[in-house]
Amino acid sequence: MNQNPSPKLYKKIIQRLEQERLLASVKRNMAYSSGFLLLSAVGFFVGTKIFYTEAVASGMFNFIMLGFTDIRVLSQNFSEFTLSIIQAAPIDTLALVLFLLAIMLGSARSLFGALSIFRGASHMHNF
């Protein structure tokens with residue numbers, strides 16, 4: 001007795017298995033992206049609060065506000081003004097905040113890409 005499925009049925013079965021494998025991969029990617037997005041968002045907001053606290057303590061905002069109050073003095077002494085802001089800025093915290101922002105945006109991009117693939121795959125299977 002020959003128990004092999006017809007070539008059409010065999011092709012459908014293989015396609016369905018490939019689709020399920022892709023769907024499992026997309027779900028795993030969504031889980032990782034969601035985790036990275038959550039962790040980087042929390043880190044970003046905590047880092048932003050720390051950066052703000054350090055910037056206020058260092059007087060960086062005072063230099064920036066000076067730039068908005070007296071434009072003529074700023075234009076005459078622009079290089080000294082810029083150097084003062086750079087020296088007052090908490091660079092290490094700023095670098096951490098920008099790094100976490102980049103991770104957060106990359107994770108969001110990956111998550112939305114996986115969601116669009118998942119949405120397309122779920123319409124094919126009527127989930």
# chains A, B, ... in the order shown; residues from 1 in each chain; ligands from 1
call {"tool": "residues_around", "arguments": {"residues": "segment 113-117 of chain A", "least_positions_apart": "3", "cutoff": "7 Å", "atoms": "only C-alpha atoms", "output": "VMD selection string"}}
result
chain A and resid 26 29 to 30 109 to 110 120 to 121
call {"tool": "atom_distance", "arguments": {"atom1": "atom CA of Leu9 of chain A", "atom2": "atom CA of Arg28 of chain A"}}
result
28.6 Å
call {"tool": "residues_around", "arguments": {"residues": "Leu101 of chain A", "least_positions_apart": "6", "cutoff": "8 Å", "atoms": "only C-alpha atoms", "output": "PDB file with C-alpha atoms, in the first residue's frame"}}
result
ATOM      1  CA  SER A  40      15.984  50.696  27.167  1.00  0.00           C
ATOM      2  CA  ALA A  41      12.932  52.938  27.718  1.00  0.00           C
ATOM      3  CA  PHE A  44      16.445  56.193  29.004  1.00  0.00           C
TER       4      PHE A  44
END
call {"tool": "closest_residue", "arguments": {"among": "A:Tyr32, A:Arg72, A:Asn77, A:Tyr52", "to": "Ser107 of chain A", "atoms": "only C-alpha atoms"}}
result
A:Tyr32
call {"tool": "atom_distance", "arguments": {"atom1": "atom CA of Lys27 of chain A", "atom2": "atom CA of Ile13 of chain A"}}
result
20.9 Å
call {"tool": "closest_residue", "arguments": {"among": "A:Leu38, A:Lys12, A:Met60, A:Asn4", "to": "Leu83 of chain A", "atoms": "only C-alpha atoms"}}
result
A:Met60
call {"tool": "closest_residue", "arguments": {"among": "A:Ala31, A:Leu17, A:Ser25, A:Phe45", "to": "Val97 of chain A", "atoms": "only C-alpha atoms"}}
result
A:Phe45
